[in-house]
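**Q** This is start.txt, which holds compact mmCIF, C-alpha atoms:
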```
# COMPACT_ATOMS: atom_id res chain seq x y z
CA MET A 166 0.00 0.00 0.00
CA THR A 167 2.82 2.41 0.88
CA ALA A 168 4.57 1.64 -2.41
CA THR A 169 1.35 2.41 -4.28
CA LYS A 170 1.03 5.75 -2.47
CA GLY A 171 4.66 6.52 -3.23
CA TRP A 172 4.28 5.92 -6.96
CA ALA A 173 1.00 7.81 -7.01
CA PHE A 174 2.84 10.75 -5.49
CA ALA A 175 5.57 10.35 -8.11
CA LEU A 176 2.96 10.59 -10.86
CA VAL A 177 1.61 13.77 -9.25
CA VAL A 178 5.12 15.23 -9.30
CA ILE A 179 5.73 14.30 -12.95
CA PHE A 180 2.36 15.63 -14.06
CA SER A 181 2.86 18.82 -12.09
CA VAL A 182 6.29 19.43 -13.60
CA LEU A 183 4.89 19.08 -17.10
CA LEU A 184 2.13 21.54 -16.24
CA SER A 185 4.53 23.96 -14.61
CA TRP A 186 6.55 24.33 -17.80
CA SER A 187 3.61 26.29 -19.21
CA ILE A 188 3.88 28.91 -16.45
CA PRO A 189 6.37 31.64 -17.43
CA ARG A 190 9.01 32.55 -14.89
CA GLY A 191 8.39 35.89 -13.25
CA GLU A 192 4.69 35.15 -12.77
CA SER A 193 5.11 33.04 -9.64
CA GLU A 194 3.13 35.28 -7.30
CA ARG A 195 0.20 35.64 -9.69
CA ALA A 196 0.21 31.93 -10.50
CA PHE A 197 0.50 31.06 -6.81
CA ILE A 198 -2.53 33.12 -5.89
CA SER A 199 -4.54 31.76 -8.80
CA PHE A 200 -4.02 28.09 -8.07
CA SER A 201 -3.31 28.11 -4.34
CA SER A 202 -6.79 26.81 -3.59
CA HIS A 203 -6.43 23.92 -6.02
CA GLU A 204 -4.05 21.01 -6.45
CA PRO A 205 -0.61 22.66 -6.17
CA LEU A 206 1.57 22.78 -9.24
CA VAL A 207 5.21 21.77 -8.88
CA LYS A 208 7.21 24.61 -10.30
CA ALA A 209 10.26 22.41 -10.81
CA VAL A 210 11.54 19.14 -9.45
CA SER A 211 14.60 17.31 -10.70
CA LEU A 212 13.32 13.87 -11.65
CA ALA A 213 16.31 12.67 -13.59
CA SER A 214 19.32 14.30 -12.00
CA ALA A 215 22.72 12.75 -12.31
CA ASP A 216 22.88 11.72 -8.67
CA GLY A 217 19.81 9.53 -8.73
CA GLY A 218 16.24 10.34 -9.61
CA GLN A 219 15.37 6.75 -8.70
CA ASP A 220 16.76 7.30 -5.21
CA PHE A 221 14.55 10.37 -4.94
CA PHE A 222 11.39 8.34 -5.46
CA MET A 223 12.62 5.74 -2.98
CA GLU A 224 13.02 8.56 -0.45
CA MET A 225 9.48 9.71 -1.17
CA THR A 226 8.17 6.18 -0.70
CA ASP A 227 10.11 5.92 2.56
CA SER A 228 8.43 9.14 3.68
CA VAL A 229 5.02 7.55 3.18
CA ALA A 230 6.20 4.65 5.32
CA MET A 231 7.03 7.20 8.06
CA ASN A 232 3.34 8.13 8.25
CA ILE A 233 3.63 11.48 6.54
CA GLU A 234 1.68 11.64 3.33
CA TYR A 235 0.32 13.90 0.65
CA ASP A 236 -2.73 15.88 1.82
CA PHE A 237 -2.62 14.41 5.33
CA TYR A 238 -5.37 16.75 6.57
CA ARG A 239 -7.88 15.95 3.81
CA ASP A 240 -10.37 14.54 6.34
CA THR A 241 -9.52 16.39 9.56
CA CYS A 242 -8.91 19.87 8.17
CA PRO A 243 -9.39 19.88 4.39
CA GLU A 244 -8.78 23.62 4.05
CA ALA A 245 -5.48 23.54 5.97
CA GLU A 246 -3.10 24.04 3.06
CA THR A 247 -5.37 26.62 1.44
CA ILE A 248 -5.46 28.57 4.71
CA VAL A 249 -1.67 28.50 4.96
CA SER A 250 -1.20 29.64 1.37
CA SER A 251 -3.79 32.40 1.50
CA THR A 252 -2.48 33.72 4.82
CA MET A 253 1.06 33.65 3.47
CA ALA A 254 -0.05 35.62 0.41
CA GLN A 255 -1.54 38.26 2.72
CA ILE A 256 1.61 38.41 4.84
CA TYR A 257 3.88 38.57 1.78
CA SER A 258 1.90 41.47 0.33
CA GLN A 259 2.98 43.54 3.36
CA HIS A 260 6.29 41.89 4.29
CA LYS A 261 8.31 40.74 1.28
CA ASN A 262 11.12 39.65 3.62
CA VAL A 263 8.97 36.86 5.06
CA SER A 264 10.09 34.41 2.36
CA ALA A 265 13.73 34.65 3.36
CA GLN A 266 12.89 34.69 7.05
CA LEU A 267 10.91 31.46 6.90
CA LEU A 268 13.40 29.73 4.61
CA ARG A 269 16.10 30.30 7.19
CA LEU A 270 13.82 29.38 10.08
CA PHE A 271 12.82 26.14 8.38
CA PHE A 272 16.43 25.22 7.66
CA HIS A 273 17.46 25.80 11.26
CA ASP A 274 14.55 23.70 12.48
CA CYS A 275 15.07 20.72 10.18
CA PHE A 276 18.85 20.69 10.52
CA ILE A 277 18.59 19.98 14.26
CA GLN A 278 16.82 16.70 15.11
CA GLY A 279 14.55 16.96 12.07
CA CYS A 280 11.52 19.04 11.04
CA ASP A 281 9.71 19.08 14.39
CA ALA A 282 9.18 22.81 15.10
CA SER A 283 11.54 22.58 18.09
CA VAL A 284 13.15 25.87 17.04
CA LEU A 285 9.85 27.65 17.79
CA LEU A 286 9.69 26.66 21.47
CA ASP A 287 10.09 29.12 24.33
CA ASP A 288 10.87 26.30 26.77
CA SER A 289 11.88 22.64 26.68
CA ASN A 290 9.49 20.02 28.03
CA GLY A 291 7.81 22.81 29.98
CA ASN A 292 11.06 23.69 31.76
CA LYS A 293 11.70 27.42 31.38
CA ASN A 294 15.11 27.03 33.03
CA HIS A 295 16.31 24.80 30.20
CA SER A 296 18.25 26.52 27.40
CA ILE A 297 16.37 26.50 24.11
CA GLU A 298 17.31 26.60 20.45
CA LYS A 299 16.28 30.24 20.12
CA GLN A 300 19.08 31.12 22.55
CA ALA A 301 21.81 29.34 20.58
CA VAL A 302 24.15 31.82 18.90
CA PRO A 303 23.36 30.70 15.32
CA ASN A 304 19.64 31.24 16.02
CA LYS A 305 19.66 34.60 17.76
CA SER A 306 18.99 36.49 14.54
CA LEU A 307 16.16 34.24 13.35
CA LYS A 308 12.96 36.02 12.37
CA GLY A 309 9.49 35.01 11.29
CA PHE A 310 8.21 33.42 14.51
CA ASP A 311 5.32 35.87 14.63
CA LYS A 312 4.30 34.93 11.09
CA ILE A 313 4.02 31.26 12.03
CA ASP A 314 1.99 32.25 15.09
CA GLN A 315 -0.30 34.29 12.86
CA ILE A 316 -0.97 31.34 10.55
CA LYS A 317 -1.44 29.01 13.52
CA GLU A 318 -4.07 31.31 15.01
CA VAL A 319 -6.09 31.25 11.80
CA LEU A 320 -5.92 27.46 11.63
CA GLU A 321 -6.85 27.05 15.29
CA ASN A 322 -10.02 29.05 14.67
CA VAL A 323 -11.01 26.63 11.90
CA CYS A 324 -9.55 23.29 13.02
CA PRO A 325 -8.61 23.44 16.72
CA GLY A 326 -5.72 21.19 17.75
CA VAL A 327 -5.33 19.53 14.35
CA VAL A 328 -2.55 21.08 12.26
CA SER A 329 0.95 20.87 13.72
CA CYS A 330 3.36 23.77 13.89
CA ALA A 331 5.94 21.62 12.08
CA ASP A 332 3.60 21.27 9.10
CA ILE A 333 2.71 24.96 9.19
CA LEU A 334 6.41 25.89 9.02
CA ALA A 335 7.06 23.47 6.15
CA LEU A 336 4.05 24.64 4.13
CA ALA A 337 4.56 28.35 4.81
CA THR A 338 8.22 28.09 3.79
CA ARG A 339 7.29 26.41 0.52
CA ASP A 340 4.63 29.02 -0.18
CA GLY A 341 7.10 31.80 0.67
CA VAL A 342 9.61 30.40 -1.82
CA VAL A 343 6.94 30.48 -4.54
CA LEU A 344 5.88 34.01 -3.69
CA ALA A 345 9.53 35.10 -3.97
CA GLY A 346 9.70 33.67 -7.47
CA GLY A 347 11.03 30.24 -6.61
CA PRO A 348 9.84 26.76 -7.58
CA PHE A 349 6.63 25.24 -6.29
CA TYR A 350 7.16 21.74 -4.91
CA PRO A 351 4.74 19.25 -3.31
CA LEU A 352 5.02 18.40 0.37
CA PHE A 353 3.99 15.52 2.57
CA THR A 354 2.23 16.47 5.78
CA GLY A 355 1.52 14.70 9.04
CA ARG A 356 4.53 15.88 11.04
CA ARG A 357 4.05 16.31 14.76
CA ASP A 358 5.66 18.80 17.12
CA SER A 359 8.51 18.18 19.52
CA ALA A 360 8.06 19.01 23.19
CA ARG A 361 11.80 19.41 23.57
CA SER A 362 14.22 22.09 22.36
CA TYR A 363 17.84 21.21 21.48
CA TYR A 364 20.11 24.06 22.53
CA ASP A 365 23.42 22.15 22.55
CA GLU A 366 22.82 20.60 19.15
CA ALA A 367 21.82 23.93 17.62
CA THR A 368 24.94 25.54 19.03
CA ALA A 369 27.27 22.88 17.63
CA GLU A 370 25.68 21.62 14.42
CA ILE A 371 24.37 24.61 12.48
CA PRO A 372 26.84 25.43 9.65
CA LYS A 373 28.75 28.67 10.26
CA PRO A 374 29.48 31.56 7.87
CA ASP A 375 33.23 31.01 8.21
CA ASP A 376 33.21 27.22 7.73
CA ASN A 377 35.43 25.88 5.00
CA ILE A 378 34.05 23.66 2.26
CA THR A 379 35.04 20.45 4.05
CA GLN A 380 33.14 21.46 7.19
CA THR A 381 30.07 22.55 5.25
CA LEU A 382 29.87 19.38 3.14
CA HIS A 383 30.40 17.24 6.24
CA LEU A 384 27.53 18.81 8.18
CA PHE A 385 25.18 18.45 5.23
CA SER A 386 26.29 14.88 4.53
CA LEU A 387 25.43 13.92 8.11
CA ARG A 388 21.82 14.77 7.17
CA GLY A 389 22.03 12.68 4.01
CA PHE A 390 22.61 15.49 1.49
CA THR A 391 24.87 14.97 -1.49
CA ASP A 392 27.31 17.62 -2.71
CA ARG A 393 24.84 18.56 -5.42
CA GLU A 394 21.97 18.96 -2.98
CA THR A 395 24.16 21.03 -0.66
CA VAL A 396 25.17 23.43 -3.42
CA SER A 397 21.57 23.80 -4.55
CA LEU A 398 20.29 24.45 -1.02
CA LEU A 399 22.90 27.15 -0.43
CA GLY A 400 21.46 28.81 -3.53
CA GLY A 401 18.55 29.81 -1.30
CA HIS A 402 20.82 32.68 -0.32
CA ASN A 403 19.91 34.39 -3.58
CA ILE A 404 16.91 36.04 -1.92
CA GLY A 405 17.01 38.49 0.93
CA LYS A 406 19.90 40.44 2.34
CA ILE A 407 22.75 39.82 4.73
CA GLY A 408 23.61 41.80 7.81
CA CYS A 409 27.13 43.17 7.93
CA GLU A 410 27.81 41.35 11.19
CA PHE A 411 27.95 38.12 9.21
CA ILE A 412 30.86 39.30 7.09
CA GLN A 413 32.54 41.78 9.43
CA SER A 414 35.40 39.46 10.38
CA ARG A 415 36.37 39.07 6.72
CA LEU A 416 37.10 42.78 6.53
CA ASN A 417 39.68 43.19 9.29
CA ASN A 418 40.17 40.12 11.43
CA PHE A 419 39.64 36.97 9.42
CA LYS A 420 39.80 33.90 11.69
CA GLY A 421 41.62 35.94 14.35
CA THR A 422 44.56 36.92 12.13
CA GLY A 423 44.05 40.65 12.52
CA LYS A 424 43.99 40.90 8.73
CA PRO A 425 41.31 40.77 6.03
CA ASP A 426 40.37 37.51 4.34
CA PRO A 427 43.18 37.03 1.79
CA THR A 428 40.81 35.40 -0.69
CA VAL A 429 38.83 38.64 -1.14
CA SER A 430 40.01 40.92 -3.94
CA PRO A 431 41.06 44.42 -2.85
CA SER A 432 38.31 46.06 -4.90
CA PHE A 433 35.58 43.84 -3.47
CA LEU A 434 36.99 44.26 0.04
CA ASN A 435 36.80 48.05 -0.30
CA GLU A 436 33.29 47.79 -1.68
CA MET A 437 32.11 45.83 1.35
CA ARG A 438 33.89 48.20 3.71
CA VAL A 439 31.95 51.14 2.32
CA PHE A 440 28.83 49.59 3.78
CA CYS A 441 30.08 47.52 6.66
CA GLU A 442 33.16 49.17 8.15
CA ASP A 443 32.90 49.19 11.93
CA ASN A 444 35.75 51.64 12.60
CA GLY A 445 38.07 48.71 13.18
CA ASN A 446 35.90 47.27 15.97
CA GLU A 447 34.84 44.18 14.09
CA LYS A 448 32.29 41.83 15.49
CA SER A 449 32.27 38.23 14.45
CA SER A 450 29.16 36.15 14.08
CA GLN A 451 28.52 32.47 14.58
CA GLY A 452 25.39 32.33 12.51
CA SER A 453 24.90 29.83 9.73
CA PRO A 454 25.43 30.22 6.02
CA MET A 455 21.88 29.23 5.31
CA ALA A 456 21.10 31.58 8.09
CA ALA A 457 22.96 34.48 6.81
CA THR A 458 20.34 35.51 4.40
CA MET A 459 19.37 37.35 7.43
CA ALA A 460 15.91 38.38 8.36
CA SER A 461 16.43 41.62 10.07
CA PRO A 462 14.54 44.87 10.03
CA MET A 463 13.98 45.07 6.30
CA ALA A 464 15.45 41.87 5.01
CA PHE A 465 15.47 38.16 4.92
CA PRO A 466 17.78 36.88 7.54
CA THR A 467 18.41 33.39 5.92
CA ALA A 468 19.47 30.61 4.02
CA GLY A 469 18.75 28.74 5.76
CA PRO A 470 19.11 27.99 5.74
CA MET A 471 18.95 29.51 4.33
CA ALA A 472 24.51 33.91 2.84
CA ALA A 473 23.71 36.38 0.20
CA THR A 474 26.24 37.31 -2.45
CA MET A 475 27.03 40.48 -4.30
CA ALA A 476 27.06 40.43 -8.07
CA SER A 477 29.91 42.03 -9.95
CA SER A 478 28.03 45.06 -11.14
CA PRO A 479 28.72 48.45 -9.49
CA MET A 480 27.35 49.08 -6.04
CA ALA A 481 24.74 51.51 -7.23
CA SER A 482 23.15 48.83 -9.39
CA ARG A 483 23.05 46.20 -6.66
CA GLY A 484 20.40 47.85 -4.52
CA MET A 485 22.61 47.86 -1.42
CA SER A 486 21.14 49.86 1.40
CA GLU A 487 22.98 52.53 3.29
CA LYS A 488 23.98 51.97 6.90
CA PRO A 489 21.30 53.50 9.07
CA ALA A 490 22.06 54.88 12.51
CA ARG A 491 19.67 53.47 15.08
CA ARG A 492 19.26 55.53 18.16
CA GLY A 493 19.24 53.97 21.59
CA MET A 494 20.71 50.65 20.49
CA PRO A 495 24.09 49.04 21.19
CA TYR A 496 26.62 49.77 18.47
CA PHE A 497 26.73 46.14 17.36
CA GLN A 498 23.01 46.27 16.66
CA GLN A 499 23.50 49.54 14.84
CA LEU A 500 25.73 47.68 12.38
CA SER A 501 22.70 46.72 10.38
CA SER A 502 23.64 47.63 6.83
CA PHE A 503 22.42 45.02 4.46
CA VAL A 504 23.74 43.97 1.12
CA SER A 505 21.10 42.78 -1.31
CA SER A 506 21.52 39.24 -2.52
CA GLY A 507 19.60 39.96 -5.69
CA ALA A 508 16.19 40.54 -7.14
CA GLY A 509 14.89 37.06 -7.79
CA PHE A 510 15.18 33.33 -7.60
CA ASP A 511 17.72 32.88 -10.39
CA THR A 512 21.44 32.27 -10.93
CA HIS A 513 22.98 35.52 -9.66
CA TYR A 514 24.20 33.80 -6.48
CA TYR A 515 26.28 31.34 -8.51
CA GLN A 516 27.42 33.99 -10.98
CA SER A 517 28.70 36.02 -8.04
CA LEU A 518 30.70 33.05 -6.76
CA LEU A 519 32.28 32.61 -10.20
CA ARG A 520 33.51 36.21 -9.93
CA GLY A 521 34.90 35.71 -6.44
CA ARG A 522 32.23 37.90 -4.90
CA GLY A 523 30.62 35.68 -2.31
CA LEU A 524 29.75 37.73 0.77
CA LEU A 525 30.23 34.81 3.14
CA PHE A 526 33.44 32.85 3.31
CA ALA A 527 31.39 29.64 3.41
CA ASP A 528 29.64 30.62 0.18
CA GLN A 529 32.83 31.46 -1.68
CA GLN A 530 34.32 28.19 -0.48
CA LEU A 531 32.06 26.39 -2.95
CA MET A 532 34.68 27.40 -5.53
CA ALA A 533 37.51 25.85 -3.48
CA ASN A 534 36.44 22.28 -4.22
CA GLU A 535 36.41 21.01 -7.80
CA ARG A 536 33.21 19.00 -7.34
CA THR A 537 31.24 21.89 -5.89
CA ALA A 538 32.85 24.42 -8.24
CA ARG A 539 31.69 22.32 -11.18
CA LEU A 540 28.14 22.47 -9.81
CA VAL A 541 28.37 26.23 -9.34
CA ARG A 542 29.43 26.59 -12.97
CA ALA A 543 26.59 24.35 -14.09
CA TYR A 544 23.94 26.28 -12.14
CA ALA A 545 25.31 29.58 -13.46
CA SER A 546 25.34 28.42 -17.07
CA ASP A 547 21.62 28.53 -17.91
CA ASP A 548 18.53 30.59 -17.14
CA GLY A 549 18.18 29.09 -13.67
CA SER A 550 16.11 26.06 -14.64
CA THR A 551 18.66 23.51 -13.45
CA PHE A 552 19.13 25.23 -10.12
CA ARG A 553 15.40 25.65 -9.56
CA MET A 554 14.75 21.99 -10.31
CA ASP A 555 17.46 20.78 -7.97
CA PHE A 556 16.56 23.28 -5.26
CA ALA A 557 12.95 22.07 -5.28
CA ARG A 558 14.02 18.47 -5.00
CA ALA A 559 16.47 19.24 -2.17
CA MET A 560 13.81 21.19 -0.29
CA MET A 561 11.44 18.25 -0.55
CA LYS A 562 14.17 16.06 0.92
CA MET A 563 14.89 18.61 3.64
CA SER A 564 11.21 18.68 4.61
CA ASN A 565 11.28 14.93 5.25
CA LEU A 566 14.17 14.91 7.71
CA ASN A 567 13.29 12.79 10.76
CA PRO A 568 9.68 13.86 11.28
CA LEU A 569 7.79 12.91 14.41
CA THR A 570 4.66 11.02 13.39
CA GLY A 571 1.83 8.90 14.77
CA SER A 572 1.97 8.83 18.56
CA GLN A 573 5.32 10.63 18.66
CA GLY A 574 5.41 14.24 19.74
CA GLN A 575 2.27 16.35 19.92
CA VAL A 576 0.21 18.97 18.14
CA ARG A 577 0.82 22.22 19.97
CA LEU A 578 -2.02 24.64 20.52
CA GLU A 579 0.53 27.47 20.55
CA CYS A 580 3.70 27.07 18.55
CA THR A 581 5.92 28.56 21.26
CA LEU A 582 4.65 26.29 24.04
CA ALA A 583 4.65 22.55 24.44
CA SER A 584 1.19 21.20 25.20
```
What's the structure tokens form of this structure?

**A**
Amino acid sequence: MTATKGWAFALVVIFSVLLSWSIPRGESERAFISFSSHEPLVKAVSLASADGGQDFFMEMTDSVAMNIEYDFYRDTCPEAETIVSSTMAQIYSQHKNVSAQLLRLFFHDCFIQGCDASVLLDDSNGNKNHSIEKQAVPNKSLKGFDKIDQIKEVLENVCPGVVSCADILALATRDGVVLAGGPFYPLFTGRRDSARSYYDEATAEIPKPDDNITQTLHLFSLRGFTDRETVSLLGGHNIGKIGCEFIQSRLNNFKGTGKPDPTVSPSFLNEMRVFCEDNGNEKSSQGSPMAATMASPMAFPTAGPMAATMASSPMASRGMSEKPARRGMPYFQQLSSFVSSGAGFDTHYYQSLLRGRGLLFADQQLMANERTARLVRAYASDDGSTFRMDFARAMMKMSNLNPLTGSQGQVRLECTLAS
């Protein structure tokens, strides 16, 4: 029975991909709103990639065996996914940065003990004295919690105690990607919420902005991601903006040397300093690459993560914001200039890496390994179709990491509090 469900889902994916080819790029938001109340279209999913389309369908079948399935709430809350998508569309219309915020939030949740909404908790097992994931250094700049609470409130009014926060986060992230111009991909639902928060794991296991390529690939491989999937997921950094605190150490004190990152060209170094110079008082950050698409005041924290990059065009054409002075805030928090990662869900992230203009050391390190550099060149070589296909597939895989199902976990009534 599970195999039948798995292949049925595969047919849905194939059919959806064929349909999605008829939707021009650049019309994602309009298309999303028009079909959000119907069977979702898959904007792009790699079904025949070089590293194993067959394995992909096996993973999807395994997901069915884990008691998550397509349209899990069809009997208990049939409007659940429509409610999430419509609420996200309303939020996005007022807060364009929500897409990047939720992409990063979702990455940080799934990367630690699976997609269980543990990152949303304000306590652990009801113990307010226990350190929580939100307090871990890589998570301190996460944003978007209030948006998940907003969606949860709407769902609770319609279907009390039915839809988990873990599913809300997964669905809202997917819908946010689409609204930002990214690929639409199908999701299984039926995840349940953790009652525990994992502070130590979040502190130690979230990839960092200054990790080298070996460290980054290792952390992703521990979650079952191939090199190709890792490179495609980091491409999520092409939306949103990055706070200067994530790159500050590269400007003056790279890895404690007291000198700038030697891999950054003098011209690019000066360009970053124009926006991010901290008068020599650099502050280092321990956030994550996928986190560095940073959702701050007017931007997407991220990617995941969800690590934005600057293209090679002059500063004036990159849409980089000036450094605002914020009154009554510590100087470190005043360092909130943001560098735009780009205008859409395309290849500019990879093109920037080819030019040696990755804002994060971890991003630019993709060019330090021949395998990952080859993937960067491949993603940068077309109109973005290859990247979008692989990103969609990798996000589907990410969403299936170690879900709690059945009698495991719980369905929280409030996403910040264990029931």

**Q** Tell me, as a PyMOL selection string, which residues lie within 7 Å of stretch 245-254 of chain A, counting all atoms listed in the file; anything in the same chain fewer than 2 positions away does not count.

**A** chain A and resi 201-202+238+242-243+256-258+316+320+336-337+340-341

**Q** Store the residues of this selection in a file with C-alpha atoms, as an mmCIF file, in the frame of the given file.

**A**
```
data_model
loop_
_atom_site.group_PDB
_atom_site.id
_atom_site.type_symbol
_atom_site.label_atom_id
_atom_site.label_comp_id
_atom_site.auth_asym_id
_atom_site.auth_seq_id
_atom_site.Cartn_x
_atom_site.Cartn_y
_atom_site.Cartn_z
ATOM 1 C CA SER A 201 -3.310 28.110 -4.340
ATOM 2 C CA SER A 202 -6.790 26.810 -3.590
ATOM 3 C CA TYR A 238 -5.370 16.750 6.570
ATOM 4 C CA CYS A 242 -8.910 19.870 8.170
ATOM 5 C CA PRO A 243 -9.390 19.880 4.390
ATOM 6 C CA ILE A 256 1.610 38.410 4.840
ATOM 7 C CA TYR A 257 3.880 38.570 1.780
ATOM 8 C CA SER A 258 1.900 41.470 0.330
ATOM 9 C CA ILE A 316 -0.970 31.340 10.550
ATOM 10 C CA LEU A 320 -5.920 27.460 11.630
ATOM 11 C CA LEU A 336 4.050 24.640 4.130
ATOM 12 C CA ALA A 337 4.560 28.350 4.810
ATOM 13 C CA ASP A 340 4.630 29.020 -0.180
ATOM 14 C CA GLY A 341 7.100 31.800 0.670
#
```

**Q** Mind pulling up the distance from atom CA of A:Met554 to atom CA of A:Ile412?

**A**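 We find that atom CA of A:Ile412 and atom CA of A:Met554 lie 29.4 Å from each other.
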
**Q** Separation of atom CA of A:Ser584 and atom CA of A:Ala331, in Å?

**A**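 Between atom CA of A:Ser584 and atom CA of A:Ala331 the gap works out to 14.0 Å.
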
**Q** I'd like a table as a Markdown table: residues in stretch 529-573 of chain A with an atom no more than 10 Å from stretch 262-286 of chain A, each row giving the shortest atom pair and its distance in Å to one decimal, all atoms listed in the file counted, sorted by chain and rising residue number.

**A**
```
| residue | atom | partner | partner_atom | distance |
| --- | --- | --- | --- | --- |
| A:Met560 | CA | A:Phe272 | CA | 9.3 |
| A:Met563 | CA | A:Cys275 | CA | 6.9 |
| A:Ser564 | CA | A:Cys280 | CA | 6.4 |
| A:Asn565 | CA | A:Cys280 | CA | 7.1 |
| A:Leu566 | CA | A:Gly279 | CA | 4.8 |
| A:Asn567 | CA | A:Gly279 | CA | 4.5 |
| A:Pro568 | CA | A:Cys280 | CA | 5.5 |
| A:Leu569 | CA | A:Asp281 | CA | 6.5 |
| A:Thr570 | CA | A:Asp281 | CA | 9.6 |
```

**Q** From (38.0, 41.0, 9.7), in the file's coordinates, out to 7 Å: which residues are reached, counting only C-alpha atoms? Answer as a PyMOL selection string.

**A** chain A and resi 413-419+423-426+447

**Q** Using only C-alpha atoms, determine which residues lie at most 8 Å from stretch 523-536 of chain A, disregarding the query and same-chain residues fewer than 2 positions distant; provide the list as a list of chain:residue names.

**A**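 Close residues of stretch 523-536 of chain A: A:Lys373, A:Pro374, A:Asp375, A:Asp376, A:Asn377, A:Ile378, A:Thr381, A:Asp392, A:Val396, A:Leu399, A:Phe411, A:Ile412, A:Arg415, A:Pro454, A:Ala472, A:Ala473, A:Thr474, A:Met475, A:Tyr514, A:Ser517, A:Leu518, A:Leu519, A:Gly521, A:Ala538, A:Arg539, A:Leu540, A:Val541.
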
**Q** Distance atom CA of A:Tyr350-atom CA of A:Thr551, one decimal place?

**A**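 Between these atoms lies a distance of 14.4 Å.
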
**Q** Taking all atoms listed in the file into account, name the residue in A:Tyr515, A:Asp365, A:Asn435, A:Leu344 that is nearest to A:His402.

**A** A:Tyr515

**Q** Which polymer residues have any atom within 9 Å of an atom of A:His295, counting all atoms listed in the file, with same-chain residues fewer than 6 positions away left out, as a ChimeraX atom specification?

**A** /A:288-289,362,364
